[in-house]
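Below you'll find the structure, written out as structure tokens, and then a few comments.
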Amino acid sequence: MSTNIPLQIRTSLQSQGIPAPLLAWIQSALPNRNPLPPLPALIATVKTRLLAVDLTVPGVWEQPPPAFPPNLHNPEVREVQLARDVLVQVLDVENIARSRWEQVEDLEAIARGEQTRGREVIRLLTGNENGDEDEESNNGAPAAGGRVIPPPPANAAGSRTGAAANAAASRNATHRLLLQDCRGQTVHGLELKRVDRVGVGSLNIGEKMLLRRGTAVARGVVLLEPATCAVLGGKVEPWHRAWVDGRLERLKEAAGGDGRG
């Protein structure tokens, strides 16, 4: 392997705002193939594996990445701005525009196999329901081999209206995140303006975000807006799985403490 390849990969990662990993770590993350894939594919592979790493794990970074300033949680500090870019990972995400009981009801509906589209309730087929209904259908037309072709939606206009309503709800959402830096310090982030890819179901736990220099922190809360933060991607799989599995119970507990929302 060319000794320049890890260096080229590191340079590319740094150009994307990612702190420089150790060259030895980059080399260990490369696929064990001969010949190696082209450089763009290698960069993508190493980036994917790097963004799946816990930021607080030692032995990854050439130098410790910039962290939050020590006075960040001081409630007497009305507002400060980050002096450097800070790489963080997401530990929690919540849509605070909806009450916790509303979120509980949404999750319970999904668990029953139902979701909402605007005001329309949709039954989602689970298990073998799809196969059971292939043989018979009140409205579908039989095709060759006895397979039933479902009819077109009876209310396509309503579906479009529901999709538009969901899109509008997403635009109006406000999310609160729990963020962690490389030292393990945690701080809440609040959307000041909608940030692409930030949302329950679209943002992974362990996903990395770059808070750019100049990001405002007001009384210990990072104010998130598109101009000062970027979602880089990634996921720490065990964290994400545990978060998803425990989310309904956490919301129920929080909703009970809040007095229904």
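Residues are referred to by chain and number: the chain letter is A, B, ... according to the order shown in the structure tokens, the number counts from 1 in that chain, and ligands are numbered separately from 1 in the order shown.
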
Long-range neighbours of Leu224 in chain A as a PyMOL selection string, 6 Å cut-off, only C-alpha atoms, 4 positions minimum in chain: chain A and resi 190-192

Prev. selection, all heavy atoms, output as an mmCIF file, in the first residue's frame:
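Output file again.cif follows:
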```cif
data_model
loop_
_atom_site.group_PDB
_atom_site.id
_atom_site.type_symbol
_atom_site.label_atom_id
_atom_site.label_comp_id
_atom_site.auth_asym_id
_atom_site.auth_seq_id
_atom_site.Cartn_x
_atom_site.Cartn_y
_atom_site.Cartn_z
ATOM 1 N N LEU A 190 -30.846 23.408 20.805
ATOM 2 C CA LEU A 190 -32.228 23.750 20.462
ATOM 3 C C LEU A 190 -32.256 24.383 19.083
ATOM 4 O O LEU A 190 -31.484 25.307 18.794
ATOM 5 C CB LEU A 190 -32.803 24.719 21.497
ATOM 6 C CG LEU A 190 -34.266 25.112 21.321
ATOM 7 C CD1 LEU A 190 -35.186 23.919 21.559
ATOM 8 C CD2 LEU A 190 -34.633 26.253 22.275
ATOM 9 N N GLU A 191 -33.153 23.883 18.239
ATOM 10 C CA GLU A 191 -33.283 24.457 16.901
ATOM 11 C C GLU A 191 -33.818 25.884 16.992
ATOM 12 O O GLU A 191 -34.940 26.101 17.431
ATOM 13 C CB GLU A 191 -34.239 23.622 16.047
ATOM 14 C CG GLU A 191 -33.622 22.442 15.356
ATOM 15 C CD GLU A 191 -34.592 21.790 14.403
ATOM 16 O OE1 GLU A 191 -35.758 21.546 14.795
ATOM 17 O OE2 GLU A 191 -34.204 21.513 13.266
ATOM 18 N N LEU A 192 -33.018 26.823 16.552
ATOM 19 C CA LEU A 192 -33.474 28.202 16.416
ATOM 20 C C LEU A 192 -34.178 28.352 15.075
ATOM 21 O O LEU A 192 -35.166 29.080 14.942
ATOM 22 C CB LEU A 192 -32.288 29.156 16.514
ATOM 23 C CG LEU A 192 -32.570 30.629 16.795
ATOM 24 C CD1 LEU A 192 -33.282 30.793 18.120
ATOM 25 C CD2 LEU A 192 -31.281 31.429 16.774
#
```

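Backbone DSSP over range 8-127 of chain A yields strand (DSSP E) at A:Glu79, A:Val80, A:Gln81, A:Val86, A:Leu87, A:Val88, A:Gln89, A:Val90, A:Leu91, A:Asp92, A:Val93, A:Glu94, A:Asn95, A:Glu114, A:Gln115, A:Thr116, A:Arg117, A:Glu120, A:Val121, A:Ile122, A:Arg123.
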
Nearest to Arg247 in chain A by atom-to-atom distance, counting only C-alpha atoms, from A:Gly201, A:Gly233, A:Gly214, A:Pro31: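 Counting only C-alpha atoms, the residue closest to Arg247 in chain A is A:Gly201.
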
Residue contacts of Arg84 in chain A (8 Å, only C-alpha atoms) excluding same-chain residues fewer than 4 positions away, as a list in words: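 What passes the distance filter is Pro66, Arg212, Arg213 and Gly214 of chain A.
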
Take the selection from the previous step and output its residues with N, CA and C atoms, as a short mmCIF file (atom, residue, chain, number, x, y, z; two decimals), in the first residue's frame.
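Written file, result22.cif:
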```
data_model
loop_
_atom_site.label_atom_id
_atom_site.label_comp_id
_atom_site.auth_asym_id
_atom_site.auth_seq_id
_atom_site.Cartn_x
_atom_site.Cartn_y
_atom_site.Cartn_z
N PRO A 66 -11.35 19.87 19.37
CA PRO A 66 -11.86 20.98 20.21
C PRO A 66 -13.12 20.57 20.94
N ARG A 212 -20.09 24.95 14.05
CA ARG A 212 -19.06 25.82 13.50
C ARG A 212 -18.73 26.98 14.44
N ARG A 213 -17.52 27.49 14.26
CA ARG A 213 -17.09 28.66 15.03
C ARG A 213 -18.12 29.77 14.87
N GLY A 214 -18.47 30.38 16.01
CA GLY A 214 -19.48 31.42 15.99
C GLY A 214 -20.86 30.94 16.40
#
```

Proximity to Arg100 in chain A - best of A:Leu248, A:Leu232, A:Val80, A:Val195, only C-alpha atoms: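 Between A:Leu248, A:Leu232, A:Val80, A:Val195, the residue approaching Arg100 in chain A most closely is A:Leu248.
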
Coordinates-based distance that separates CA of Val53 in chain A from CA of Val236 in chain A (Å, one decimal): 6.6 Å

Residue among A:Leu87, A:Leu30, A:Ala218, A:Leu251 lying closest to Glu105 in chain A, counting only C-alpha atoms: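 When distances to Glu105 in chain A are compared using only C-alpha atoms, the smallest one comes from A:Leu251.
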
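Taking CA of Leu42 in chain A and CA of Arg10 in chain A as the two end points, the separation is 10.9 Å.
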
Å distance separating CA of Asn34 in chain A from CA of Pro19 in chain A, one decimal place: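 Here the two named atoms are 28.2 Å from each other.
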
Val244 in chain A environment, 12 Å, only C-alpha atoms, sequence neighbours closer than 2 positions dropped, as an MDAnalysis selection string: chainID A and resid 91:93 107 200:201 203:205 237:242 246:251

Generate a file of the selected residues that holds N, CA, C and O atoms, formatted as a PDB file, in the first residue's frame.
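Result file is out.pdb:
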```pdb
ATOM      1  N   LEU A  91     -26.904  12.296  21.447  1.00  0.00           N
ATOM      2  CA  LEU A  91     -27.311  11.276  22.416  1.00  0.00           C
ATOM      3  C   LEU A  91     -28.828  11.160  22.546  1.00  0.00           C
ATOM      4  O   LEU A  91     -29.336  10.143  23.019  1.00  0.00           O
ATOM      5  N   ASP A  92     -29.557  12.215  22.140  1.00  0.00           N
ATOM      6  CA  ASP A  92     -31.018  12.186  22.243  1.00  0.00           C
ATOM      7  C   ASP A  92     -31.584  13.247  21.317  1.00  0.00           C
ATOM      8  O   ASP A  92     -30.925  14.258  21.024  1.00  0.00           O
ATOM      9  N   VAL A  93     -32.804  13.014  20.842  1.00  0.00           N
ATOM     10  CA  VAL A  93     -33.511  13.987  20.006  1.00  0.00           C
ATOM     11  C   VAL A  93     -34.990  13.917  20.352  1.00  0.00           C
ATOM     12  O   VAL A  93     -35.541  12.834  20.551  1.00  0.00           O
ATOM     13  N   LEU A 107     -46.296   6.509  18.749  1.00  0.00           N
ATOM     14  CA  LEU A 107     -45.509   5.281  18.826  1.00  0.00           C
ATOM     15  C   LEU A 107     -46.399   4.062  19.049  1.00  0.00           C
ATOM     16  O   LEU A 107     -46.153   2.992  18.493  1.00  0.00           O
ATOM     17  N   VAL A 200     -36.817  13.399  14.646  1.00  0.00           N
ATOM     18  CA  VAL A 200     -37.013  12.072  15.216  1.00  0.00           C
ATOM     19  C   VAL A 200     -37.271  11.105  14.069  1.00  0.00           C
ATOM     20  O   VAL A 200     -38.182  11.299  13.266  1.00  0.00           O
ATOM     21  N   GLY A 201     -36.458  10.071  13.967  1.00  0.00           N
ATOM     22  CA  GLY A 201     -36.595   9.122  12.881  1.00  0.00           C
ATOM     23  C   GLY A 201     -35.635   9.380  11.733  1.00  0.00           C
ATOM     24  O   GLY A 201     -35.376   8.489  10.929  1.00  0.00           O
ATOM     25  N   LEU A 203     -32.642  11.450  12.409  1.00  0.00           N
ATOM     26  CA  LEU A 203     -31.333  11.652  13.042  1.00  0.00           C
ATOM     27  C   LEU A 203     -31.014  10.430  13.896  1.00  0.00           C
ATOM     28  O   LEU A 203     -31.836  10.002  14.710  1.00  0.00           O
ATOM     29  N   ASN A 204     -29.834   9.870  13.705  1.00  0.00           N
ATOM     30  CA  ASN A 204     -29.436   8.674  14.453  1.00  0.00           C
ATOM     31  C   ASN A 204     -28.780   9.047  15.773  1.00  0.00           C
ATOM     32  O   ASN A 204     -28.191  10.123  15.915  1.00  0.00           O
ATOM     33  N   ILE A 205     -28.868   8.145  16.723  1.00  0.00           N
ATOM     34  CA  ILE A 205     -28.143   8.327  17.975  1.00  0.00           C
ATOM     35  C   ILE A 205     -26.676   7.946  17.734  1.00  0.00           C
ATOM     36  O   ILE A 205     -26.372   6.900  17.169  1.00  0.00           O
ATOM     37  N   GLU A 237     -24.342   2.089  16.606  1.00  0.00           N
ATOM     38  CA  GLU A 237     -25.451   1.145  16.505  1.00  0.00           C
ATOM     39  C   GLU A 237     -26.021   0.702  17.856  1.00  0.00           C
ATOM     40  O   GLU A 237     -27.243   0.725  18.048  1.00  0.00           O
ATOM     41  N   PRO A 238     -25.194   0.298  18.846  1.00  0.00           N
ATOM     42  CA  PRO A 238     -25.784  -0.131  20.128  1.00  0.00           C
ATOM     43  C   PRO A 238     -26.557   0.995  20.823  1.00  0.00           C
ATOM     44  O   PRO A 238     -27.597   0.745  21.432  1.00  0.00           O
ATOM     45  N   TRP A 239     -26.045   2.215  20.744  1.00  0.00           N
ATOM     46  CA  TRP A 239     -26.750   3.347  21.351  1.00  0.00           C
ATOM     47  C   TRP A 239     -28.096   3.561  20.674  1.00  0.00           C
ATOM     48  O   TRP A 239     -29.104   3.784  21.338  1.00  0.00           O
ATOM     49  N   HIS A 240     -28.078   3.535  19.336  1.00  0.00           N
ATOM     50  CA  HIS A 240     -29.311   3.815  18.594  1.00  0.00           C
ATOM     51  C   HIS A 240     -30.365   2.755  18.882  1.00  0.00           C
ATOM     52  O   HIS A 240     -31.540   3.071  19.093  1.00  0.00           O
ATOM     53  N   ARG A 241     -29.948   1.494  18.914  1.00  0.00           N
ATOM     54  CA  ARG A 241     -30.885   0.409  19.165  1.00  0.00           C
ATOM     55  C   ARG A 241     -31.491   0.534  20.562  1.00  0.00           C
ATOM     56  O   ARG A 241     -32.715   0.377  20.742  1.00  0.00           O
ATOM     57  N   ALA A 242     -30.672   0.851  21.560  1.00  0.00           N
ATOM     58  CA  ALA A 242     -31.174   1.005  22.928  1.00  0.00           C
ATOM     59  C   ALA A 242     -32.113   2.206  23.027  1.00  0.00           C
ATOM     60  O   ALA A 242     -33.130   2.155  23.737  1.00  0.00           O
ATOM     61  N   GLY A 246     -36.091   1.839  24.049  1.00  0.00           N
ATOM     62  CA  GLY A 246     -36.561   2.407  25.315  1.00  0.00           C
ATOM     63  C   GLY A 246     -37.327   3.702  25.190  1.00  0.00           C
ATOM     64  O   GLY A 246     -37.761   4.276  26.201  1.00  0.00           O
ATOM     65  N   ARG A 247     -37.546   4.174  23.970  1.00  0.00           N
ATOM     66  CA  ARG A 247     -38.118   5.514  23.796  1.00  0.00           C
ATOM     67  C   ARG A 247     -39.557   5.606  24.296  1.00  0.00           C
ATOM     68  O   ARG A 247     -39.938   6.587  24.947  1.00  0.00           O
ATOM     69  N   LEU A 248     -40.376   4.613  24.019  1.00  0.00           N
ATOM     70  CA  LEU A 248     -41.772   4.667  24.432  1.00  0.00           C
ATOM     71  C   LEU A 248     -41.888   4.754  25.945  1.00  0.00           C
ATOM     72  O   LEU A 248     -42.643   5.582  26.477  1.00  0.00           O
ATOM     73  N   GLU A 249     -41.127   3.940  26.665  1.00  0.00           N
ATOM     74  CA  GLU A 249     -41.201   3.960  28.127  1.00  0.00           C
ATOM     75  C   GLU A 249     -40.683   5.287  28.682  1.00  0.00           C
ATOM     76  O   GLU A 249     -41.228   5.819  29.657  1.00  0.00           O
ATOM     77  N   ARG A 250     -39.630   5.828  28.079  1.00  0.00           N
ATOM     78  CA  ARG A 250     -39.114   7.119  28.548  1.00  0.00           C
ATOM     79  C   ARG A 250     -40.141   8.228  28.359  1.00  0.00           C
ATOM     80  O   ARG A 250     -40.325   9.067  29.236  1.00  0.00           O
ATOM     81  N   LEU A 251     -40.811   8.210  27.214  1.00  0.00           N
ATOM     82  CA  LEU A 251     -41.822   9.231  26.967  1.00  0.00           C
ATOM     83  C   LEU A 251     -43.004   9.091  27.920  1.00  0.00           C
ATOM     84  O   LEU A 251     -43.521  10.077  28.427  1.00  0.00           O
TER      85      LEU A 251
END
```
